[in-house]
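Right, one structure below, let's go through it.
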Amino acid sequence: MSETTPNQRNIPNQKRKKKKKKRSYRGLFAFLWSLFIIGVLAFGFLLFSIANAWFGFPELPNGEALENPKNSLASEVYSVDNVLLGKFYIQDRSNVEYKDLPEHLINALIATEDARFYNHAGIDFYGLGTAIYRTIKGSPSGASTITQQLAKNLLHERASGKAERIIQKLQEWIIALKLERNYTKKEILTMYFNTVHLGYDLFGIKSAAKTFFNKSPKDLKVEEGAVLVGMLKASTKFNPKRNPESSKGRRNVVLSQMVRYNYLAPAQYDDLKKKEVELDYKKLDHNEGLATYFREHLRQVVKEWAKGQTKVNGEKYDIYRDGLRIYTTINSKMQQYAEEAVQTHMAKLQVDFEDHWSKEDPWENKDFGDDKFMEKAVRKTDRYRRLKAAKKSQKEIDRSFKKPVKMRIFSWKGEIDTTMTPLDSIRYYKRILHTGFMAMNPENGYINAWVGGIDHKYFKFDNVTAPKQVGSTFKPFVYTLAVQNGWSPCHKLLNSQVTFEKGEFGIPKKWEPRGSTSKDGQMLTLKESLANSLNWITAKLMKEFGPKPVVDLAKNMGVDSYLDPVPAICLGVPDITPYEMVGAYNTFANRGVWTKPLFITRIEDKNGQVIQSFAPEEKEVLNEETAYVMLRLMQGVAQYGTGARLRSRYKMYDVHIAGKTGTTNENSDGWFIGITPKLVAGTWTGGDEKVIRFRSTSLGQGANMALPIWAEFMQRVYADESLGIERTIDFKRPRRVNIETDCSKYDTPIEDDFPGDLIEQPDDDYDSEWN
């Protein structure tokens, strides 16, 4: 038997060691595979648990919830010519359809956010792996697809903790897969563009395009769309309003991505990248834009309306969240012209007022001032109420009002940053004059323009719906009664003093209206009397027909304000809103049919389904003949009466205008309501308090304070041929008119132009004389 060497004896040991080592590798490999499989199963089980809301995970939305996310959708207000006037919202969010998304905008989004959007099913695993690799290498990048971002936009805000964020990310994966399974790529893109946040309180591409560029998404240029897509990375940092240079840089990154993925030619990129970011910034703020006062009135009306409306699910409509579409009667062009007319005249009138009073305040005037005026004004302020609530002494309150503070104030030349005491700011604002203007279409009752004041940011009070003493604008109601009883505009009366004895029509003491005009003692026609706003002849008509029939007529013509049936009502002592007065005068232009002024035509839900349509409320009050005769009678005001400056100053010789000026006692209120065949409009102008007024009637009368706004408005309307309102059209004559309206057939022609501006006779202050 041969002997073995030591090396030979080690060979089996080596083989055994190799086998043992191989078995250990296999064990490790099997262990690692087991861990991997367990991990995959565990991860799958975790996803399954999240998807099915096991172990306390929140329930994920079903298909219906995904299609109808609980996001606040702004309600939109549209003009009759389909211009967006404003919105009511918690979040400024409006939806857009895919057909209104320009191709370049979609390409910019895909090139920048998700280049493989059309090739994945919600999760881009290649992009995810790349992001993980870059993160390990120290340059982290995002890997969320557009669909995943949509899932996040639809459902929740970003979680704060790391663990919560991981769970949230997995939820987004699951929802993204559901979205891809249930919707087309076009639908996903549309939902994304409707939910994305783009700075401020803006949600959705439609709101952002309107705010930054004053455009619809379909009208965006390539570079403008790139600006908005660039904001997705950081809406504040790349906000073009706040950070134009950063926005430009980010825009160019988006454009370069479009070149990289062949959505944009290099030559076009070279041209676009040099351009500055040009904005047409139009934030639909409640205090800015067209029809601010009207929108606030509308908000209150629609909010009340919504309380009585129920959705399919039984919930009440919410004007701030349900995306209603409110279609109004406002004409955007006429509204613009009305606001321009107010600005043009009121800025000039304020200068006249300041020159008139100079350093003296009206309330300090020795004849009609109020030495407690400022004290009462202080007590009405929020500052005073806050200080009283804080238990401050009167001395501390006085000191607070006399301490200069920085503030921004209104002026007709623009806002002014200044330093003044709160007391001086009250004095400053109390001297400012105010106005209210409304215009309506006599044929359908549509309100075409509504200006409630001079600046909604600083003065919230809406003068269109605020009762004001109407003065002589009430007189046509009295004359209408005479015409109803067969009196002609050419019927003559002696312009002499008239007396109402104590007890007559229930009055507590004798009353004699004031006269004192150049026409005292003359025989005058009704047309001349109204044209010159004469008190005595108007009072004689009141004595003839009595106050109650006048009140009944005014009520039938839409005046809801309280009317005291006393003789002095004929001179305009009641307080009535411009809204009511314009509506009442509209009856004359509408052939005797009163139409309640209408400002909403329909309200739709977010899907365009009509919830309710609105039709004008009508009532026949006068016959056609009476209405027509009154128009002819009231034309004397513009032809040669208190409104003659419409012809002499504003050159409206060829325009058929019926109307009436109004001036209250001591020139506190100025009115003008003008009627044309296609438009009826009225305006009131005055101070915040009765004591804030002009001392002279030449400055304080309605023809000077209010009429110019009407004239400025109508001049702009007639100049715009697109509105279709002819300048020379006349009032339509009924087939049968038995009452004579042509006074030139009688002994004294009165149709000549009045030479110069007539100073209106102020009306009696009934309350101050009898109380």
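In the structure tokens, each chain is lettered A, B, ... as it comes, each chain's residues begin at 1, and ligands are numbered from 1 in order of appearance.
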
Exercise for the section: Within 10 Å of A:Ala703, counting only C-alpha atoms, which residues show up once you throw out same-chain ones fewer than 2 positions away? Write them as a list in words, please. Expected result: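 The neighbour list is Thr642, Gly643, Ala644, Arg645, Leu646, Lys660, Thr661, Gly662, Thr663, Gly670, Trp671, Phe672, Thr697, Ser698, Leu699, Gly700, Gln701, Met705, Ala706, Leu707, Pro708, Ile709, Asp757, Leu758, Ile759 and Glu760 of chain A.
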
Practice task
Write out as a PyMOL selection string all residues of stretch 444-671 of chain A that backbone DSSP assigns to strand (DSSP E).
Solution key: chain A and resi 447-451+468-469+492-494+523-525+575-576+593-595+600-604+610-613+618-620+658-663+669-671

Mind dumping the selected residues with C-alpha atoms as a PDB file, in the first residue's frame?
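What follows is the written file again-v1.pdb:
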ATOM      1  CA  ILE A 447     -80.009  97.311 -16.338  1.00  0.00           C
ATOM      2  CA  ASN A 448     -77.084  98.073 -18.662  1.00  0.00           C
ATOM      3  CA  ALA A 449     -74.922 100.140 -16.290  1.00  0.00           C
ATOM      4  CA  TRP A 450     -74.673 100.527 -12.517  1.00  0.00           C
ATOM      5  CA  VAL A 451     -72.215 102.841 -10.756  1.00  0.00           C
ATOM      6  CA  LYS A 468     -82.130 110.157  -1.449  1.00  0.00           C
ATOM      7  CA  GLN A 469     -84.416 113.173  -1.325  1.00  0.00           C
ATOM      8  CA  LYS A 492    -102.031 127.178 -19.323  1.00  0.00           C
ATOM      9  CA  LEU A 493    -102.176 128.138 -15.660  1.00  0.00           C
ATOM     10  CA  LEU A 494    -101.310 131.326 -13.807  1.00  0.00           C
ATOM     11  CA  MET A 523     -99.697 132.438 -17.718  1.00  0.00           C
ATOM     12  CA  LEU A 524     -97.607 129.374 -18.545  1.00  0.00           C
ATOM     13  CA  THR A 525     -98.208 126.019 -20.178  1.00  0.00           C
ATOM     14  CA  ASP A 575     -86.413 109.889  -0.053  1.00  0.00           C
ATOM     15  CA  ILE A 576     -86.361 107.433  -2.982  1.00  0.00           C
ATOM     16  CA  VAL A 593     -95.748  99.563 -18.994  1.00  0.00           C
ATOM     17  CA  TRP A 594     -93.735  99.504 -15.789  1.00  0.00           C
ATOM     18  CA  THR A 595     -90.915  96.943 -15.930  1.00  0.00           C
ATOM     19  CA  ILE A 600     -79.856  88.715 -13.838  1.00  0.00           C
ATOM     20  CA  THR A 601     -80.953  86.689 -16.874  1.00  0.00           C
ATOM     21  CA  ARG A 602     -79.982  83.178 -15.721  1.00  0.00           C
ATOM     22  CA  ILE A 603     -77.830  81.204 -13.306  1.00  0.00           C
ATOM     23  CA  GLU A 604     -76.118  77.970 -14.367  1.00  0.00           C
ATOM     24  CA  VAL A 610     -79.532  76.229 -16.152  1.00  0.00           C
ATOM     25  CA  ILE A 611     -80.698  76.322 -12.541  1.00  0.00           C
ATOM     26  CA  GLN A 612     -83.042  79.276 -13.021  1.00  0.00           C
ATOM     27  CA  SER A 613     -83.865  81.845 -15.679  1.00  0.00           C
ATOM     28  CA  GLU A 618     -94.212  93.896 -15.963  1.00  0.00           C
ATOM     29  CA  LYS A 619     -97.377  95.854 -15.194  1.00  0.00           C
ATOM     30  CA  GLU A 620     -99.387  98.242 -17.351  1.00  0.00           C
ATOM     31  CA  ALA A 658     -87.207 113.791 -22.154  1.00  0.00           C
ATOM     32  CA  GLY A 659     -86.197 114.187 -18.543  1.00  0.00           C
ATOM     33  CA  LYS A 660     -86.164 116.119 -15.320  1.00  0.00           C
ATOM     34  CA  THR A 661     -83.597 117.768 -13.110  1.00  0.00           C
ATOM     35  CA  GLY A 662     -83.932 117.838  -9.342  1.00  0.00           C
ATOM     36  CA  THR A 663     -82.461 120.087  -6.670  1.00  0.00           C
ATOM     37  CA  ASP A 669     -79.009 116.786  -3.549  1.00  0.00           C
ATOM     38  CA  GLY A 670     -78.664 117.113  -7.305  1.00  0.00           C
ATOM     39  CA  TRP A 671     -80.537 114.823  -9.713  1.00  0.00           C
TER      40      TRP A 671
END

Exercise for the section: Would you mind reading off the distance between atom CA of A:Glu504 and atom CA of A:Leu622, one decimal, in Å? Expected result: 28.0 Å

Practice task
For A:Leu324, list every protein, DNA or RNA residue within 6 Å, evaluated using only C-alpha atoms, and leave out those in the same chain fewer than 5 positions away; present the list as a PyMOL selection string.
Solution key: chain A and resi 75+604-606

Those same residues - C-alpha atoms - I'd like them written as a PDB file, in the first residue's frame.
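Just written: part-v4.pdb:
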ATOM      1  CA  SER A  75     -68.657  81.457  -9.315  1.00  0.00           C
ATOM      2  CA  GLU A 604     -76.118  77.970 -14.367  1.00  0.00           C
ATOM      3  CA  ASP A 605     -74.290  75.294 -12.404  1.00  0.00           C
ATOM      4  CA  LYS A 606     -70.626  74.460 -13.028  1.00  0.00           C
TER       5      LYS A 606
END

Completion exercise
Shortest contact to A:Gln639, candidates A:Val737, A:Val559, A:Ile692, A:Leu530, atoms counted only C-alpha atoms, goes to A:Leu530

Handout entry: Nearest candidate to A:Phe588 (options A:Asp219, A:Glu276, A:Glu624, A:Glu501; using only C-alpha atoms)
Key =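 The closest residue to A:Phe588 is A:Glu624.
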
Problem - Given only C-alpha atoms as the counted atoms, nearest of A:Lys218, A:Arg399, A:Lys509, A:His491 to A:Ile739 - result: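 Nearest candidate to A:Ile739 out of A:Lys218, A:Arg399, A:Lys509, A:His491: A:His491.
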
Handout entry: Selected residue of minimal separation from A:Leu85 among A:Arg250, A:Lys210, A:Arg116, A:Arg427, counting only C-alpha atoms
Key = A:Lys210

Write down as a short mmCIF file (atom, residue, chain, number, x, y, z; two decimals) with N, CA and C atoms, in the first residue's frame the residues belonging to stretch 102-327 of chain A that are assigned alpha helix (DSSP H) by DSSP computed on the backbone.
data_model
loop_
_atom_site.label_atom_id
_atom_site.label_comp_id
_atom_site.auth_asym_id
_atom_site.auth_seq_id
_atom_site.Cartn_x
_atom_site.Cartn_y
_atom_site.Cartn_z
N GLU A 103 -52.07 74.02 -28.03
CA GLU A 103 -51.13 72.90 -28.12
C GLU A 103 -49.78 73.24 -27.50
N HIS A 104 -49.34 74.49 -27.70
CA HIS A 104 -48.03 74.86 -27.15
C HIS A 104 -48.02 74.83 -25.63
N LEU A 105 -49.17 75.10 -25.01
CA LEU A 105 -49.25 75.06 -23.55
C LEU A 105 -49.12 73.61 -23.05
N ILE A 106 -49.80 72.70 -23.71
CA ILE A 106 -49.71 71.28 -23.35
C ILE A 106 -48.28 70.78 -23.57
N ASN A 107 -47.69 71.17 -24.68
CA ASN A 107 -46.31 70.74 -24.97
C ASN A 107 -45.34 71.27 -23.93
N ALA A 108 -45.54 72.52 -23.51
CA ALA A 108 -44.65 73.11 -22.50
C ALA A 108 -44.74 72.33 -21.19
N LEU A 109 -45.97 71.96 -20.80
CA LEU A 109 -46.14 71.20 -19.57
C LEU A 109 -45.47 69.84 -19.66
N ILE A 110 -45.69 69.11 -20.73
CA ILE A 110 -45.13 67.76 -20.88
C ILE A 110 -43.61 67.83 -20.94
N ALA A 111 -43.07 68.76 -21.72
CA ALA A 111 -41.62 68.87 -21.87
C ALA A 111 -40.94 69.19 -20.54
N THR A 112 -41.62 69.94 -19.69
CA THR A 112 -41.02 70.40 -18.43
C THR A 112 -41.29 69.45 -17.27
N GLU A 113 -42.48 68.89 -17.21
CA GLU A 113 -42.89 68.13 -16.03
C GLU A 113 -42.90 66.61 -16.21
N PHE A 125 -41.58 54.51 -13.97
CA PHE A 125 -40.55 53.77 -13.21
C PHE A 125 -39.15 54.12 -13.69
N TYR A 126 -39.02 54.41 -14.97
CA TYR A 126 -37.69 54.82 -15.46
C TYR A 126 -37.30 56.16 -14.81
N GLY A 127 -38.24 57.09 -14.81
CA GLY A 127 -37.98 58.37 -14.17
C GLY A 127 -37.74 58.23 -12.68
N LEU A 128 -38.46 57.29 -12.05
CA LEU A 128 -38.29 57.05 -10.62
C LEU A 128 -36.89 56.52 -10.32
N GLY A 129 -36.43 55.56 -11.17
CA GLY A 129 -35.07 55.03 -10.98
C GLY A 129 -34.01 56.09 -11.18
N THR A 130 -34.21 56.93 -12.19
CA THR A 130 -33.27 58.03 -12.44
C THR A 130 -33.22 58.99 -11.27
N ALA A 131 -34.38 59.27 -10.71
CA ALA A 131 -34.44 60.20 -9.56
C ALA A 131 -33.74 59.61 -8.35
N ILE A 132 -33.92 58.30 -8.12
CA ILE A 132 -33.24 57.63 -6.99
C ILE A 132 -31.73 57.68 -7.18
N TYR A 133 -31.28 57.39 -8.41
CA TYR A 133 -29.84 57.42 -8.71
C TYR A 133 -29.26 58.81 -8.48
N ARG A 134 -29.96 59.83 -8.95
CA ARG A 134 -29.47 61.20 -8.78
C ARG A 134 -29.46 61.61 -7.32
N THR A 135 -30.44 61.12 -6.57
CA THR A 135 -30.49 61.43 -5.15
C THR A 135 -29.29 60.83 -4.43
N ILE A 136 -28.95 59.57 -4.79
CA ILE A 136 -27.78 58.91 -4.20
C ILE A 136 -26.51 59.66 -4.56
N ILE A 146 -47.26 63.83 -14.24
CA ILE A 146 -48.39 64.76 -14.26
C ILE A 146 -49.59 64.16 -13.56
N THR A 147 -49.80 62.85 -13.79
CA THR A 147 -50.94 62.18 -13.17
C THR A 147 -50.80 62.13 -11.66
N GLN A 148 -49.58 61.90 -11.16
CA GLN A 148 -49.36 61.89 -9.71
C GLN A 148 -49.56 63.29 -9.13
N GLN A 149 -49.08 64.30 -9.85
CA GLN A 149 -49.29 65.67 -9.38
C GLN A 149 -50.78 66.01 -9.35
N LEU A 150 -51.52 65.51 -10.34
CA LEU A 150 -52.96 65.72 -10.36
C LEU A 150 -53.60 65.07 -9.14
N ALA A 151 -53.16 63.85 -8.81
CA ALA A 151 -53.70 63.16 -7.63
C ALA A 151 -53.51 64.00 -6.38
N LYS A 152 -52.34 64.60 -6.25
CA LYS A 152 -52.06 65.45 -5.09
C LYS A 152 -52.91 66.71 -5.13
N ASN A 153 -53.06 67.32 -6.33
CA ASN A 153 -53.87 68.53 -6.46
C ASN A 153 -55.33 68.28 -6.09
N LEU A 154 -55.81 67.10 -6.46
CA LEU A 154 -57.22 66.79 -6.24
C LEU A 154 -57.56 66.54 -4.79
N LEU A 155 -56.59 66.00 -4.05
CA LEU A 155 -56.97 65.40 -2.77
C LEU A 155 -56.44 66.06 -1.52
N LYS A 162 -42.12 62.99 7.61
CA LYS A 162 -41.53 62.13 6.58
C LYS A 162 -42.36 60.86 6.40
N ALA A 163 -42.74 60.23 7.52
CA ALA A 163 -43.52 59.00 7.43
C ALA A 163 -44.86 59.25 6.76
N GLU A 164 -45.52 60.36 7.15
CA GLU A 164 -46.80 60.69 6.55
C GLU A 164 -46.66 60.99 5.06
N ARG A 165 -45.52 61.61 4.71
CA ARG A 165 -45.29 61.93 3.31
C ARG A 165 -45.09 60.66 2.49
N ILE A 166 -44.44 59.66 3.05
CA ILE A 166 -44.24 58.38 2.33
C ILE A 166 -45.59 57.73 2.07
N ILE A 167 -46.44 57.68 3.10
CA ILE A 167 -47.77 57.10 2.92
C ILE A 167 -48.56 57.91 1.89
N GLN A 168 -48.43 59.21 1.98
CA GLN A 168 -49.14 60.09 1.05
C GLN A 168 -48.68 59.84 -0.38
N LYS A 169 -47.37 59.64 -0.55
CA LYS A 169 -46.83 59.38 -1.88
C LYS A 169 -47.39 58.08 -2.45
N LEU A 170 -47.52 57.07 -1.60
CA LEU A 170 -48.09 55.80 -2.04
C LEU A 170 -49.56 55.97 -2.41
N GLN A 171 -50.25 56.81 -1.65
CA GLN A 171 -51.64 57.10 -1.99
C GLN A 171 -51.73 57.74 -3.38
N GLU A 172 -50.80 58.64 -3.64
CA GLU A 172 -50.78 59.29 -4.95
C GLU A 172 -50.55 58.27 -6.06
N TRP A 173 -49.68 57.29 -5.81
CA TRP A 173 -49.43 56.24 -6.80
C TRP A 173 -50.75 55.51 -7.13
N ILE A 174 -51.43 55.12 -6.08
CA ILE A 174 -52.67 54.35 -6.27
C ILE A 174 -53.70 55.19 -7.02
N ILE A 175 -53.85 56.42 -6.60
CA ILE A 175 -54.83 57.30 -7.25
C ILE A 175 -54.42 57.57 -8.69
N ALA A 176 -53.12 57.73 -8.93
CA ALA A 176 -52.63 57.96 -10.29
C ALA A 176 -52.99 56.78 -11.19
N LEU A 177 -52.82 55.57 -10.67
CA LEU A 177 -53.19 54.38 -11.45
C LEU A 177 -54.69 54.37 -11.74
N LYS A 178 -55.49 54.75 -10.75
CA LYS A 178 -56.94 54.82 -10.95
C LYS A 178 -57.30 55.85 -12.01
N LEU A 179 -56.64 57.00 -11.92
CA LEU A 179 -56.90 58.05 -12.90
C LEU A 179 -56.58 57.59 -14.31
N GLU A 180 -55.44 56.94 -14.47
CA GLU A 180 -55.03 56.47 -15.79
C GLU A 180 -55.98 55.40 -16.32
N ARG A 181 -56.53 54.62 -15.40
CA ARG A 181 -57.44 53.55 -15.82
C ARG A 181 -58.81 54.11 -16.22
N ASN A 182 -59.22 55.19 -15.57
CA ASN A 182 -60.58 55.71 -15.76
C ASN A 182 -60.68 56.86 -16.75
N LYS A 185 -55.81 60.50 -21.62
CA LYS A 185 -54.71 61.44 -21.38
C LYS A 185 -55.19 62.89 -21.51
N LYS A 186 -56.10 63.13 -22.45
CA LYS A 186 -56.63 64.48 -22.63
C LYS A 186 -57.40 64.93 -21.39
N GLU A 187 -58.20 64.02 -20.85
CA GLU A 187 -58.98 64.34 -19.66
C GLU A 187 -58.08 64.60 -18.46
N ILE A 188 -57.00 63.84 -18.35
CA ILE A 188 -56.05 64.03 -17.25
C ILE A 188 -55.37 65.39 -17.37
N LEU A 189 -54.98 65.75 -18.59
CA LEU A 189 -54.36 67.06 -18.80
C LEU A 189 -55.33 68.19 -18.46
N THR A 190 -56.58 68.02 -18.85
CA THR A 190 -57.59 69.05 -18.56
C THR A 190 -57.79 69.20 -17.06
N MET A 191 -57.93 68.07 -16.35
CA MET A 191 -58.10 68.14 -14.89
C MET A 191 -56.89 68.76 -14.23
N TYR A 192 -55.70 68.46 -14.75
CA TYR A 192 -54.48 69.02 -14.17
C TYR A 192 -54.48 70.55 -14.31
N PHE A 193 -54.75 71.02 -15.51
CA PHE A 193 -54.74 72.46 -15.74
C PHE A 193 -55.85 73.17 -14.96
N ASN A 194 -56.89 72.46 -14.58
CA ASN A 194 -57.98 73.07 -13.82
C ASN A 194 -57.73 73.07 -12.31
N THR A 195 -56.74 72.33 -11.84
CA THR A 195 -56.54 72.21 -10.39
C THR A 195 -55.21 72.76 -9.91
N ILE A 205 -55.49 77.11 -14.84
CA ILE A 205 -54.85 77.91 -15.88
C ILE A 205 -55.75 79.04 -16.36
N LYS A 206 -57.07 78.86 -16.30
CA LYS A 206 -57.99 79.90 -16.77
C LYS A 206 -57.89 81.15 -15.91
N SER A 207 -57.89 80.96 -14.60
CA SER A 207 -57.79 82.11 -13.68
C SER A 207 -56.43 82.78 -13.81
N ALA A 208 -55.37 81.96 -13.96
CA ALA A 208 -54.02 82.52 -14.05
C ALA A 208 -53.84 83.31 -15.35
N ALA A 209 -54.33 82.77 -16.47
CA ALA A 209 -54.21 83.46 -17.75
C ALA A 209 -54.95 84.80 -17.72
N LYS A 210 -56.12 84.80 -17.10
CA LYS A 210 -56.91 86.03 -17.01
C LYS A 210 -56.21 87.05 -16.12
N THR A 211 -55.63 86.59 -15.03
CA THR A 211 -55.00 87.50 -14.07
C THR A 211 -53.72 88.11 -14.61
N PHE A 212 -52.81 87.27 -15.12
CA PHE A 212 -51.50 87.76 -15.52
C PHE A 212 -51.47 88.36 -16.93
N PHE A 213 -52.32 87.85 -17.83
CA PHE A 213 -52.27 88.31 -19.22
C PHE A 213 -53.61 88.83 -19.74
N VAL A 222 -46.91 81.59 -27.03
CA VAL A 222 -46.00 80.53 -26.58
C VAL A 222 -45.23 80.96 -25.35
N GLU A 223 -44.67 82.17 -25.39
CA GLU A 223 -43.86 82.64 -24.27
C GLU A 223 -44.70 82.89 -23.03
N GLU A 224 -45.98 83.27 -23.20
CA GLU A 224 -46.86 83.49 -22.06
C GLU A 224 -47.23 82.17 -21.40
N GLY A 225 -47.52 81.17 -22.22
CA GLY A 225 -47.80 79.84 -21.67
C GLY A 225 -46.60 79.30 -20.92
N ALA A 226 -45.39 79.56 -21.44
CA ALA A 226 -44.17 79.09 -20.78
C ALA A 226 -43.98 79.75 -19.42
N VAL A 227 -44.38 81.01 -19.30
CA VAL A 227 -44.30 81.70 -18.01
C VAL A 227 -45.17 80.99 -16.97
N LEU A 228 -46.40 80.65 -17.36
CA LEU A 228 -47.33 80.01 -16.42
C LEU A 228 -46.88 78.59 -16.08
N VAL A 229 -46.39 77.84 -17.04
CA VAL A 229 -45.88 76.50 -16.76
C VAL A 229 -44.66 76.59 -15.86
N GLY A 230 -43.85 77.62 -16.06
CA GLY A 230 -42.66 77.80 -15.23
C GLY A 230 -42.99 78.04 -13.77
N PRO A 244 -40.04 89.44 -11.80
CA PRO A 244 -40.01 89.33 -13.26
C PRO A 244 -38.73 88.70 -13.82
N GLU A 245 -37.57 88.98 -13.22
CA GLU A 245 -36.32 88.42 -13.74
C GLU A 245 -36.26 86.92 -13.50
N SER A 246 -36.65 86.48 -12.31
CA SER A 246 -36.67 85.04 -12.02
C SER A 246 -37.68 84.34 -12.93
N SER A 247 -38.80 84.99 -13.17
CA SER A 247 -39.81 84.43 -14.04
C SER A 247 -39.29 84.29 -15.47
N LYS A 248 -38.57 85.29 -15.92
CA LYS A 248 -38.01 85.23 -17.27
C LYS A 248 -37.02 84.07 -17.39
N GLY A 249 -36.15 83.91 -16.39
CA GLY A 249 -35.18 82.81 -16.41
C GLY A 249 -35.86 81.46 -16.44
N ARG A 250 -36.88 81.29 -15.60
CA ARG A 250 -37.61 80.03 -15.57
C ARG A 250 -38.37 79.80 -16.87
N ARG A 251 -38.93 80.85 -17.43
CA ARG A 251 -39.62 80.74 -18.73
C ARG A 251 -38.68 80.19 -19.79
N ASN A 252 -37.46 80.71 -19.81
CA ASN A 252 -36.49 80.26 -20.80
C ASN A 252 -36.09 78.81 -20.60
N VAL A 253 -36.10 78.35 -19.34
CA VAL A 253 -35.85 76.93 -19.08
C VAL A 253 -36.95 76.09 -19.70
N VAL A 254 -38.18 76.51 -19.53
CA VAL A 254 -39.32 75.80 -20.12
C VAL A 254 -39.20 75.77 -21.64
N LEU A 255 -38.86 76.91 -22.23
CA LEU A 255 -38.71 76.97 -23.68
C LEU A 255 -37.59 76.07 -24.17
N SER A 256 -36.49 76.02 -23.40
CA SER A 256 -35.37 75.13 -23.80
C SER A 256 -35.77 73.67 -23.71
N GLN A 257 -36.61 73.32 -22.74
CA GLN A 257 -37.13 71.96 -22.65
C GLN A 257 -38.01 71.63 -23.86
N MET A 258 -38.75 72.62 -24.32
CA MET A 258 -39.57 72.41 -25.51
C MET A 258 -38.70 72.17 -26.74
N VAL A 259 -37.56 72.85 -26.82
CA VAL A 259 -36.61 72.60 -27.92
C VAL A 259 -36.04 71.19 -27.80
N ARG A 260 -35.67 70.80 -26.59
CA ARG A 260 -35.06 69.48 -26.35
C ARG A 260 -35.95 68.34 -26.81
N PRO A 266 -35.37 75.64 -32.68
CA PRO A 266 -34.27 76.40 -32.04
C PRO A 266 -34.29 77.88 -32.42
N ALA A 267 -34.61 78.17 -33.68
CA ALA A 267 -34.62 79.58 -34.11
C ALA A 267 -35.71 80.36 -33.37
N GLN A 268 -36.87 79.73 -33.18
CA GLN A 268 -37.95 80.39 -32.45
C GLN A 268 -37.57 80.60 -31.00
N TYR A 269 -36.87 79.63 -30.44
CA TYR A 269 -36.40 79.76 -29.06
C TYR A 269 -35.44 80.94 -28.92
N ASP A 270 -34.54 81.09 -29.90
CA ASP A 270 -33.57 82.18 -29.85
C ASP A 270 -34.26 83.54 -29.84
N ASP A 271 -35.39 83.64 -30.55
CA ASP A 271 -36.14 84.90 -30.57
C ASP A 271 -36.91 85.12 -29.27
N LEU A 272 -37.55 84.06 -28.79
CA LEU A 272 -38.42 84.20 -27.61
C LEU A 272 -37.63 84.44 -26.33
N THR A 292 -67.91 97.30 -9.78
CA THR A 292 -67.62 96.83 -8.42
C THR A 292 -68.84 96.95 -7.50
N TYR A 293 -69.54 98.06 -7.58
CA TYR A 293 -70.72 98.24 -6.73
C TYR A 293 -71.83 97.27 -7.15
N PHE A 294 -72.00 97.11 -8.44
CA PHE A 294 -73.01 96.17 -8.92
C PHE A 294 -72.69 94.75 -8.48
N ARG A 295 -71.43 94.36 -8.57
CA ARG A 295 -71.05 92.99 -8.18
C ARG A 295 -71.33 92.73 -6.70
N GLU A 296 -71.12 93.75 -5.87
CA GLU A 296 -71.41 93.58 -4.45
C GLU A 296 -72.92 93.44 -4.22
N HIS A 297 -73.70 94.24 -4.92
CA HIS A 297 -75.16 94.11 -4.82
C HIS A 297 -75.59 92.74 -5.32
N LEU A 298 -75.02 92.32 -6.43
CA LEU A 298 -75.34 91.00 -7.00
C LEU A 298 -74.98 89.89 -6.03
N ARG A 299 -73.82 90.02 -5.40
CA ARG A 299 -73.37 88.99 -4.44
C ARG A 299 -74.41 88.79 -3.33
N GLN A 300 -74.91 89.88 -2.81
CA GLN A 300 -75.91 89.78 -1.74
C GLN A 300 -77.21 89.14 -2.23
N VAL A 301 -77.62 89.51 -3.44
CA VAL A 301 -78.87 88.98 -4.00
C VAL A 301 -78.74 87.48 -4.29
N VAL A 302 -77.63 87.09 -4.94
CA VAL A 302 -77.46 85.68 -5.31
C VAL A 302 -77.21 84.82 -4.07
N LYS A 303 -76.54 85.37 -3.08
CA LYS A 303 -76.32 84.63 -1.84
C LYS A 303 -77.67 84.32 -1.18
N GLU A 304 -78.57 85.27 -1.20
CA GLU A 304 -79.90 85.05 -0.64
C GLU A 304 -80.69 84.06 -1.50
N TRP A 305 -80.55 84.20 -2.82
CA TRP A 305 -81.21 83.27 -3.75
C TRP A 305 -80.77 81.84 -3.49
N ALA A 306 -79.47 81.65 -3.25
CA ALA A 306 -78.93 80.30 -3.08
C ALA A 306 -79.52 79.58 -1.87
#

Exercise for the section: Please provide as a list in words all residues within 7 Å of A:Asn463, with the sequence filter that same-chain residues fewer than 4 positions apart are discarded (counting only C-alpha atoms). Expected result: Thr435, Gly436, Gly452 and Gly453 of chain A

Keeping all heavy atoms, export the residues of the selection given above as a compact mmCIF listing (two decimals), in the first residue's frame.
# COMPACT_ATOMS: atom_id res chain seq x y z
N THR A 435 -71.78 110.03 -5.76
CA THR A 435 -72.79 109.93 -6.81
C THR A 435 -73.27 108.50 -6.96
O THR A 435 -72.65 107.56 -6.46
CB THR A 435 -72.21 110.44 -8.15
OG1 THR A 435 -73.28 110.60 -9.09
CG2 THR A 435 -71.20 109.45 -8.73
N GLY A 436 -74.38 108.35 -7.66
CA GLY A 436 -74.90 107.04 -8.04
C GLY A 436 -75.53 107.17 -9.42
O GLY A 436 -76.21 108.16 -9.72
N GLY A 452 -72.37 102.64 -8.34
CA GLY A 452 -72.90 102.97 -7.03
C GLY A 452 -72.12 104.04 -6.28
O GLY A 452 -72.58 104.55 -5.26
N GLY A 453 -70.93 104.40 -6.79
CA GLY A 453 -70.12 105.40 -6.09
C GLY A 453 -68.86 105.70 -6.87
O GLY A 453 -68.68 105.24 -8.01
